[in-house]
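*Asks:* Next up, structure-v7.cif (mmCIF, C-alpha atoms).
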data_target
loop_
_atom_site.group_PDB
_atom_site.id
_atom_site.type_symbol
_atom_site.label_atom_id
_atom_site.label_comp_id
_atom_site.auth_asym_id
_atom_site.auth_seq_id
_atom_site.Cartn_x
_atom_site.Cartn_y
_atom_site.Cartn_z
ATOM 1 C CA MET A 26 0.000 0.000 0.000
ATOM 2 C CA ASN A 27 2.858 2.345 0.849
ATOM 3 C CA GLU A 28 4.480 1.703 -2.543
ATOM 4 C CA LEU A 29 1.223 2.463 -4.349
ATOM 5 C CA THR A 30 0.942 5.780 -2.503
ATOM 6 C CA ASN A 31 4.547 6.651 -3.442
ATOM 7 C CA VAL A 32 3.946 5.846 -7.123
ATOM 8 C CA ILE A 33 0.743 7.909 -7.210
ATOM 9 C CA THR A 34 2.430 10.812 -5.409
ATOM 10 C CA GLN A 35 5.380 10.690 -7.794
ATOM 11 C CA GLY A 36 3.035 10.584 -10.830
ATOM 12 C CA VAL A 37 1.022 13.551 -9.559
ATOM 13 C CA ALA A 38 4.213 15.485 -8.842
ATOM 14 C CA GLU A 39 5.480 14.848 -12.383
ATOM 15 C CA VAL A 40 2.173 15.994 -13.891
ATOM 16 C CA VAL A 41 2.231 19.166 -11.759
ATOM 17 C CA VAL A 42 5.832 19.908 -12.804
ATOM 18 C CA VAL A 43 4.943 19.445 -16.492
ATOM 19 C CA LEU A 44 1.863 21.687 -16.160
ATOM 20 C CA ILE A 45 3.825 24.419 -14.366
ATOM 21 C CA GLY A 46 6.600 24.200 -16.959
ATOM 22 C CA SER A 47 4.087 24.472 -19.788
ATOM 23 C CA LEU A 48 2.373 27.432 -18.149
ATOM 24 C CA LEU A 49 5.667 29.250 -17.591
ATOM 25 C CA SER A 50 6.710 28.553 -21.176
ATOM 26 C CA TYR A 51 3.445 30.030 -22.454
ATOM 27 C CA VAL A 52 3.755 33.106 -20.219
ATOM 28 C CA LEU A 53 7.348 33.641 -21.356
ATOM 29 C CA PHE A 54 6.263 33.412 -25.006
ATOM 30 C CA LYS A 55 3.517 36.004 -24.436
ATOM 31 C CA VAL A 56 5.865 38.392 -22.617
ATOM 32 C CA LYS A 57 8.469 38.049 -25.365
ATOM 33 C CA SER A 58 5.803 38.687 -28.009
ATOM 34 C CA TYR A 59 4.601 41.771 -26.123
ATOM 35 C CA PHE A 60 8.093 43.263 -25.936
ATOM 36 C CA HIS A 61 8.667 42.492 -29.621
ATOM 37 C CA THR A 62 5.473 44.427 -30.432
ATOM 38 C CA LEU A 63 6.636 47.371 -28.315
ATOM 39 C CA LYS A 64 9.996 47.362 -30.077
ATOM 40 C CA LYS A 65 8.303 47.442 -33.497
ATOM 41 C CA LYS A 66 6.086 50.349 -32.425
ATOM 42 C CA ASP A 67 9.148 52.204 -31.166
ATOM 43 C CA GLU A 68 10.999 51.576 -34.445
ATOM 44 C CA LEU A 69 8.008 52.818 -36.444
ATOM 45 C CA GLY A 70 7.938 55.996 -34.378
ATOM 46 C CA ILE A 71 11.662 56.515 -34.914
ATOM 47 C CA ILE A 72 11.285 55.950 -38.659
ATOM 48 C CA ASP A 73 8.434 58.463 -38.827
ATOM 49 C CA ILE A 74 10.394 61.082 -36.888
ATOM 50 C CA ILE A 75 13.547 60.604 -38.964
ATOM 51 C CA THR A 76 11.754 60.782 -42.319
ATOM 52 C CA ASP A 77 9.949 63.929 -41.172
ATOM 53 C CA LEU A 78 13.243 65.491 -40.065
ATOM 54 C CA ALA A 79 14.936 64.534 -43.329
ATOM 55 C CA THR A 80 12.051 66.077 -45.272
ATOM 56 C CA ASP A 81 12.250 69.319 -43.288
ATOM 57 C CA TYR A 82 16.025 69.398 -43.718
ATOM 58 C CA ALA A 83 15.800 68.849 -47.484
ATOM 59 C CA GLU A 84 13.212 71.614 -47.802
ATOM 60 C CA ALA A 85 15.417 74.021 -45.878
ATOM 61 C CA GLU A 86 18.685 73.114 -47.612
ATOM 62 C CA LEU A 87 17.430 72.858 -51.182
ATOM 63 C CA LYS A 88 14.977 75.741 -51.528
ATOM 64 C CA GLY A 89 14.187 76.371 -55.171
ATOM 65 C CA LYS A 90 15.471 72.974 -56.328
ATOM 66 C CA PRO A 91 13.260 70.435 -58.097
ATOM 67 C CA GLY A 92 11.165 68.113 -55.933
ATOM 68 C CA LEU A 93 12.922 64.962 -57.111
ATOM 69 C CA GLU A 94 16.296 66.354 -56.064
ATOM 70 C CA LYS A 95 14.891 67.231 -52.635
ATOM 71 C CA ARG A 96 13.380 63.770 -52.285
ATOM 72 C CA ASP A 97 16.635 62.023 -53.200
ATOM 73 C CA PHE A 98 18.533 64.199 -50.733
ATOM 74 C CA ALA A 99 15.984 63.453 -47.985
ATOM 75 C CA VAL A 100 16.098 59.705 -48.729
ATOM 76 C CA LYS A 101 19.893 59.685 -48.511
ATOM 77 C CA LYS A 102 19.889 61.580 -45.203
ATOM 78 C CA ALA A 103 17.102 59.420 -43.737
ATOM 79 C CA LEU A 104 18.927 56.205 -44.684
ATOM 80 C CA GLU A 105 22.099 57.525 -43.031
ATOM 81 C CA MET A 106 20.268 58.443 -39.821
ATOM 82 C CA LEU A 107 18.380 55.142 -39.708
ATOM 83 C CA ALA A 108 21.591 53.173 -40.267
ATOM 84 C CA ALA A 109 23.169 55.053 -37.362
ATOM 85 C CA LYS A 110 20.251 53.816 -35.195
ATOM 86 C CA GLY A 111 20.687 50.245 -36.441
ATOM 87 C CA ILE A 112 17.431 50.251 -38.410
ATOM 88 C CA LYS A 113 17.638 48.794 -41.897
ATOM 89 C CA LEU A 114 14.981 49.727 -44.431
ATOM 90 C CA SER A 115 14.778 49.566 -48.168
ATOM 91 C CA GLU A 116 14.949 52.740 -50.205
ATOM 92 C CA ALA A 117 11.314 52.247 -51.267
ATOM 93 C CA GLU A 118 10.172 52.176 -47.637
ATOM 94 C CA VAL A 119 12.101 55.352 -46.876
ATOM 95 C CA ILE A 120 10.663 57.042 -49.976
ATOM 96 C CA ALA A 121 7.180 56.226 -48.674
ATOM 97 C CA GLY A 122 8.089 57.840 -45.353
ATOM 98 C CA ILE A 123 9.512 60.893 -47.118
ATOM 99 C CA GLU A 124 6.343 61.254 -49.202
ATOM 100 C CA ASN A 125 4.320 61.102 -45.996
ATOM 101 C CA GLY A 126 6.598 63.779 -44.529
ATOM 102 C CA VAL A 127 5.988 65.986 -47.578
ATOM 103 C CA LYS A 128 2.223 65.636 -47.080
ATOM 104 C CA LYS A 129 2.648 66.694 -43.451
ATOM 105 C CA LEU A 130 4.720 69.699 -44.540
ATOM 106 C CA ASN A 131 2.066 70.726 -47.037
ATOM 107 C CA ASN A 132 -0.621 70.514 -44.331
ATOM 108 C CA LYS A 133 1.300 72.871 -41.981
#
Starting from the coordinates I provided, produce the structure as structure tokens.

*Replies:*
Amino acid sequence: MNELTNVITQGVAEVVVVLIGSLLSYVLFKVKSYFHTLKKKDELGIIDIITDLATDYAEAELKGKPGLEKRDFAVKKALEMLAAKGIKLSEAEVIAGIENGVKKLNNK
């Protein structure tokens, strides 16, 4: 009878350990996912700020120049600033941000 109680107790303990391990693994996954989402939001905010700054800078530096020249200048500056922050984007993505910055400038 004593052996049966020991086997049952050991089995229950193993099940409890597996359940706790599974629960902790799930919680860790959710926390990691949450922080990853926060990091992406932060990067998007940084990208938006940098493209807006590059647009303002291009407008100030290249007054009277054609729009395409200003855009190319702003794209180059934005890519440099983003690279300094460790954020890698394609030129097309930066151009989209610059175009959005131009729309914001026109609305001011």

*Asks:* Quick one: apply the PyMOL selection byres ((chain A and resi 107) around 12) to the file and drop the selected residues here as JSON, numbers by chain.

*Replies:* {"A": [68, 69, 70, 71, 72, 73, 74, 75, 76, 78, 79, 99, 100, 101, 102, 103, 104, 105, 106, 108, 109, 110, 111, 112, 113, 114, 115, 116, 118, 119]}

*Asks:* Using C-alpha atoms, can you export the residues from the last selection as a PDB file, keeping the file's coordinate frame?

*Replies:*
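And here is the file that came out, part.pdb:
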ATOM      1  CA  GLU A  68      10.999  51.576 -34.445  1.00  0.00           C
ATOM      2  CA  LEU A  69       8.008  52.818 -36.444  1.00  0.00           C
ATOM      3  CA  GLY A  70       7.938  55.996 -34.378  1.00  0.00           C
ATOM      4  CA  ILE A  71      11.662  56.515 -34.914  1.00  0.00           C
ATOM      5  CA  ILE A  72      11.285  55.950 -38.659  1.00  0.00           C
ATOM      6  CA  ASP A  73       8.434  58.463 -38.827  1.00  0.00           C
ATOM      7  CA  ILE A  74      10.394  61.082 -36.888  1.00  0.00           C
ATOM      8  CA  ILE A  75      13.547  60.604 -38.964  1.00  0.00           C
ATOM      9  CA  THR A  76      11.754  60.782 -42.319  1.00  0.00           C
ATOM     10  CA  LEU A  78      13.243  65.491 -40.065  1.00  0.00           C
ATOM     11  CA  ALA A  79      14.936  64.534 -43.329  1.00  0.00           C
ATOM     12  CA  ALA A  99      15.984  63.453 -47.985  1.00  0.00           C
ATOM     13  CA  VAL A 100      16.098  59.705 -48.729  1.00  0.00           C
ATOM     14  CA  LYS A 101      19.893  59.685 -48.511  1.00  0.00           C
ATOM     15  CA  LYS A 102      19.889  61.580 -45.203  1.00  0.00           C
ATOM     16  CA  ALA A 103      17.102  59.420 -43.737  1.00  0.00           C
ATOM     17  CA  LEU A 104      18.927  56.205 -44.684  1.00  0.00           C
ATOM     18  CA  GLU A 105      22.099  57.525 -43.031  1.00  0.00           C
ATOM     19  CA  MET A 106      20.268  58.443 -39.821  1.00  0.00           C
ATOM     20  CA  ALA A 108      21.591  53.173 -40.267  1.00  0.00           C
ATOM     21  CA  ALA A 109      23.169  55.053 -37.362  1.00  0.00           C
ATOM     22  CA  LYS A 110      20.251  53.816 -35.195  1.00  0.00           C
ATOM     23  CA  GLY A 111      20.687  50.245 -36.441  1.00  0.00           C
ATOM     24  CA  ILE A 112      17.431  50.251 -38.410  1.00  0.00           C
ATOM     25  CA  LYS A 113      17.638  48.794 -41.897  1.00  0.00           C
ATOM     26  CA  LEU A 114      14.981  49.727 -44.431  1.00  0.00           C
ATOM     27  CA  SER A 115      14.778  49.566 -48.168  1.00  0.00           C
ATOM     28  CA  GLU A 116      14.949  52.740 -50.205  1.00  0.00           C
ATOM     29  CA  GLU A 118      10.172  52.176 -47.637  1.00  0.00           C
ATOM     30  CA  VAL A 119      12.101  55.352 -46.876  1.00  0.00           C
TER      31      VAL A 119
END

*Asks:* Please report the interatomic distance between atom CA of A:Asp67 and atom CA of A:Gly126 in Å with one decimal.

*Replies:*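 Atom-to-atom, atom CA of A:Asp67 to atom CA of A:Gly126, that is 17.9 Å.
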
*Asks:* For A:Ile120, which of A:Phe98, A:Val56, A:Asn132, A:Leu63 is the closest residue, counting only C-alpha atoms?

*Replies:*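 Among the listed residues, A:Phe98 lies closest to A:Ile120.
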
*Asks:* Tell me, in Å to one decimal, how far atom CA of A:Thr62 is from atom CA of A:Leu44.

*Replies:*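 Here the two named atoms are 27.1 Å from each other.
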
*Asks:* Please complete stretch 71-93 of chain A so it has N, CA, C and O atoms, and hand it over as a PDB file, keeping the file's coordinate frame.

*Replies:*
ATOM      1  N   ILE A  71      10.350  55.967 -34.559  1.00  0.00           N
ATOM      2  CA  ILE A  71      11.662  56.515 -34.914  1.00  0.00           C
ATOM      3  C   ILE A  71      11.739  56.760 -36.416  1.00  0.00           C
ATOM      4  O   ILE A  71      12.217  57.805 -36.859  1.00  0.00           O
ATOM      5  N   ILE A  72      11.263  55.811 -37.200  1.00  0.00           N
ATOM      6  CA  ILE A  72      11.285  55.950 -38.659  1.00  0.00           C
ATOM      7  C   ILE A  72      10.469  57.163 -39.075  1.00  0.00           C
ATOM      8  O   ILE A  72      10.908  57.965 -39.909  1.00  0.00           O
ATOM      9  N   ASP A  73       9.291  57.330 -38.485  1.00  0.00           N
ATOM     10  CA  ASP A  73       8.434  58.463 -38.827  1.00  0.00           C
ATOM     11  C   ASP A  73       9.111  59.780 -38.472  1.00  0.00           C
ATOM     12  O   ASP A  73       9.110  60.727 -39.265  1.00  0.00           O
ATOM     13  N   ILE A  74       9.716  59.849 -37.310  1.00  0.00           N
ATOM     14  CA  ILE A  74      10.394  61.082 -36.888  1.00  0.00           C
ATOM     15  C   ILE A  74      11.570  61.388 -37.815  1.00  0.00           C
ATOM     16  O   ILE A  74      11.748  62.536 -38.244  1.00  0.00           O
ATOM     17  N   ILE A  75      12.359  60.379 -38.133  1.00  0.00           N
ATOM     18  CA  ILE A  75      13.547  60.604 -38.964  1.00  0.00           C
ATOM     19  C   ILE A  75      13.163  61.022 -40.377  1.00  0.00           C
ATOM     20  O   ILE A  75      13.772  61.929 -40.945  1.00  0.00           O
ATOM     21  N   THR A  76      12.152  60.384 -40.961  1.00  0.00           N
ATOM     22  CA  THR A  76      11.754  60.782 -42.319  1.00  0.00           C
ATOM     23  C   THR A  76      11.178  62.194 -42.325  1.00  0.00           C
ATOM     24  O   THR A  76      11.405  62.949 -43.267  1.00  0.00           O
ATOM     25  N   ASP A  77      10.456  62.554 -41.263  1.00  0.00           N
ATOM     26  CA  ASP A  77       9.949  63.929 -41.172  1.00  0.00           C
ATOM     27  C   ASP A  77      11.100  64.928 -41.045  1.00  0.00           C
ATOM     28  O   ASP A  77      11.103  65.980 -41.706  1.00  0.00           O
ATOM     29  N   LEU A  78      12.084  64.598 -40.215  1.00  0.00           N
ATOM     30  CA  LEU A  78      13.243  65.491 -40.065  1.00  0.00           C
ATOM     31  C   LEU A  78      14.027  65.616 -41.368  1.00  0.00           C
ATOM     32  O   LEU A  78      14.463  66.716 -41.733  1.00  0.00           O
ATOM     33  N   ALA A  79      14.202  64.502 -42.058  1.00  0.00           N
ATOM     34  CA  ALA A  79      14.936  64.534 -43.329  1.00  0.00           C
ATOM     35  C   ALA A  79      14.183  65.368 -44.362  1.00  0.00           C
ATOM     36  O   ALA A  79      14.802  66.107 -45.144  1.00  0.00           O
ATOM     37  N   THR A  80      12.862  65.277 -44.350  1.00  0.00           N
ATOM     38  CA  THR A  80      12.051  66.077 -45.272  1.00  0.00           C
ATOM     39  C   THR A  80      12.189  67.561 -44.964  1.00  0.00           C
ATOM     40  O   THR A  80      12.394  68.383 -45.875  1.00  0.00           O
ATOM     41  N   ASP A  81      12.085  67.912 -43.687  1.00  0.00           N
ATOM     42  CA  ASP A  81      12.250  69.319 -43.288  1.00  0.00           C
ATOM     43  C   ASP A  81      13.638  69.836 -43.662  1.00  0.00           C
ATOM     44  O   ASP A  81      13.782  70.958 -44.170  1.00  0.00           O
ATOM     45  N   TYR A  82      14.648  69.020 -43.416  1.00  0.00           N
ATOM     46  CA  TYR A  82      16.025  69.398 -43.718  1.00  0.00           C
ATOM     47  C   TYR A  82      16.217  69.616 -45.217  1.00  0.00           C
ATOM     48  O   TYR A  82      16.839  70.600 -45.640  1.00  0.00           O
ATOM     49  N   ALA A  83      15.674  68.715 -46.029  1.00  0.00           N
ATOM     50  CA  ALA A  83      15.800  68.849 -47.484  1.00  0.00           C
ATOM     51  C   ALA A  83      15.102  70.105 -47.970  1.00  0.00           C
ATOM     52  O   ALA A  83      15.620  70.810 -48.841  1.00  0.00           O
ATOM     53  N   GLU A  84      13.940  70.398 -47.412  1.00  0.00           N
ATOM     54  CA  GLU A  84      13.212  71.614 -47.802  1.00  0.00           C
ATOM     55  C   GLU A  84      14.023  72.853 -47.460  1.00  0.00           C
ATOM     56  O   GLU A  84      14.083  73.800 -48.240  1.00  0.00           O
ATOM     57  N   ALA A  85      14.647  72.849 -46.302  1.00  0.00           N
ATOM     58  CA  ALA A  85      15.417  74.021 -45.878  1.00  0.00           C
ATOM     59  C   ALA A  85      16.708  74.166 -46.677  1.00  0.00           C
ATOM     60  O   ALA A  85      17.082  75.277 -47.059  1.00  0.00           O
ATOM     61  N   GLU A  86      17.394  73.064 -46.932  1.00  0.00           N
ATOM     62  CA  GLU A  86      18.685  73.114 -47.612  1.00  0.00           C
ATOM     63  C   GLU A  86      18.572  73.339 -49.107  1.00  0.00           C
ATOM     64  O   GLU A  86      19.461  73.928 -49.716  1.00  0.00           O
ATOM     65  N   LEU A  87      17.519  72.845 -49.718  1.00  0.00           N
ATOM     66  CA  LEU A  87      17.430  72.858 -51.182  1.00  0.00           C
ATOM     67  C   LEU A  87      16.261  73.702 -51.681  1.00  0.00           C
ATOM     68  O   LEU A  87      15.568  73.321 -52.615  1.00  0.00           O
ATOM     69  N   LYS A  88      16.058  74.857 -51.068  1.00  0.00           N
ATOM     70  CA  LYS A  88      14.977  75.741 -51.528  1.00  0.00           C
ATOM     71  C   LYS A  88      15.188  76.109 -52.993  1.00  0.00           C
ATOM     72  O   LYS A  88      16.288  76.414 -53.416  1.00  0.00           O
ATOM     73  N   GLY A  89      14.119  76.025 -53.765  1.00  0.00           N
ATOM     74  CA  GLY A  89      14.187  76.371 -55.171  1.00  0.00           C
ATOM     75  C   GLY A  89      14.644  75.239 -56.075  1.00  0.00           C
ATOM     76  O   GLY A  89      14.623  75.372 -57.295  1.00  0.00           O
ATOM     77  N   LYS A  90      15.035  74.132 -55.528  1.00  0.00           N
ATOM     78  CA  LYS A  90      15.471  72.974 -56.328  1.00  0.00           C
ATOM     79  C   LYS A  90      14.245  72.131 -56.685  1.00  0.00           C
ATOM     80  O   LYS A  90      13.208  72.210 -56.036  1.00  0.00           O
ATOM     81  N   PRO A  91      14.386  71.300 -57.725  1.00  0.00           N
ATOM     82  CA  PRO A  91      13.260  70.435 -58.097  1.00  0.00           C
ATOM     83  C   PRO A  91      12.913  69.440 -56.987  1.00  0.00           C
ATOM     84  O   PRO A  91      13.764  69.055 -56.181  1.00  0.00           O
ATOM     85  N   GLY A  92      11.657  69.014 -56.969  1.00  0.00           N
ATOM     86  CA  GLY A  92      11.165  68.113 -55.933  1.00  0.00           C
ATOM     87  C   GLY A  92      11.895  66.780 -55.895  1.00  0.00           C
ATOM     88  O   GLY A  92      12.150  66.233 -54.819  1.00  0.00           O
ATOM     89  N   LEU A  93      12.240  66.256 -57.066  1.00  0.00           N
ATOM     90  CA  LEU A  93      12.922  64.962 -57.111  1.00  0.00           C
ATOM     91  C   LEU A  93      14.305  65.051 -56.466  1.00  0.00           C
ATOM     92  O   LEU A  93      14.728  64.133 -55.760  1.00  0.00           O
TER      93      LEU A  93
END
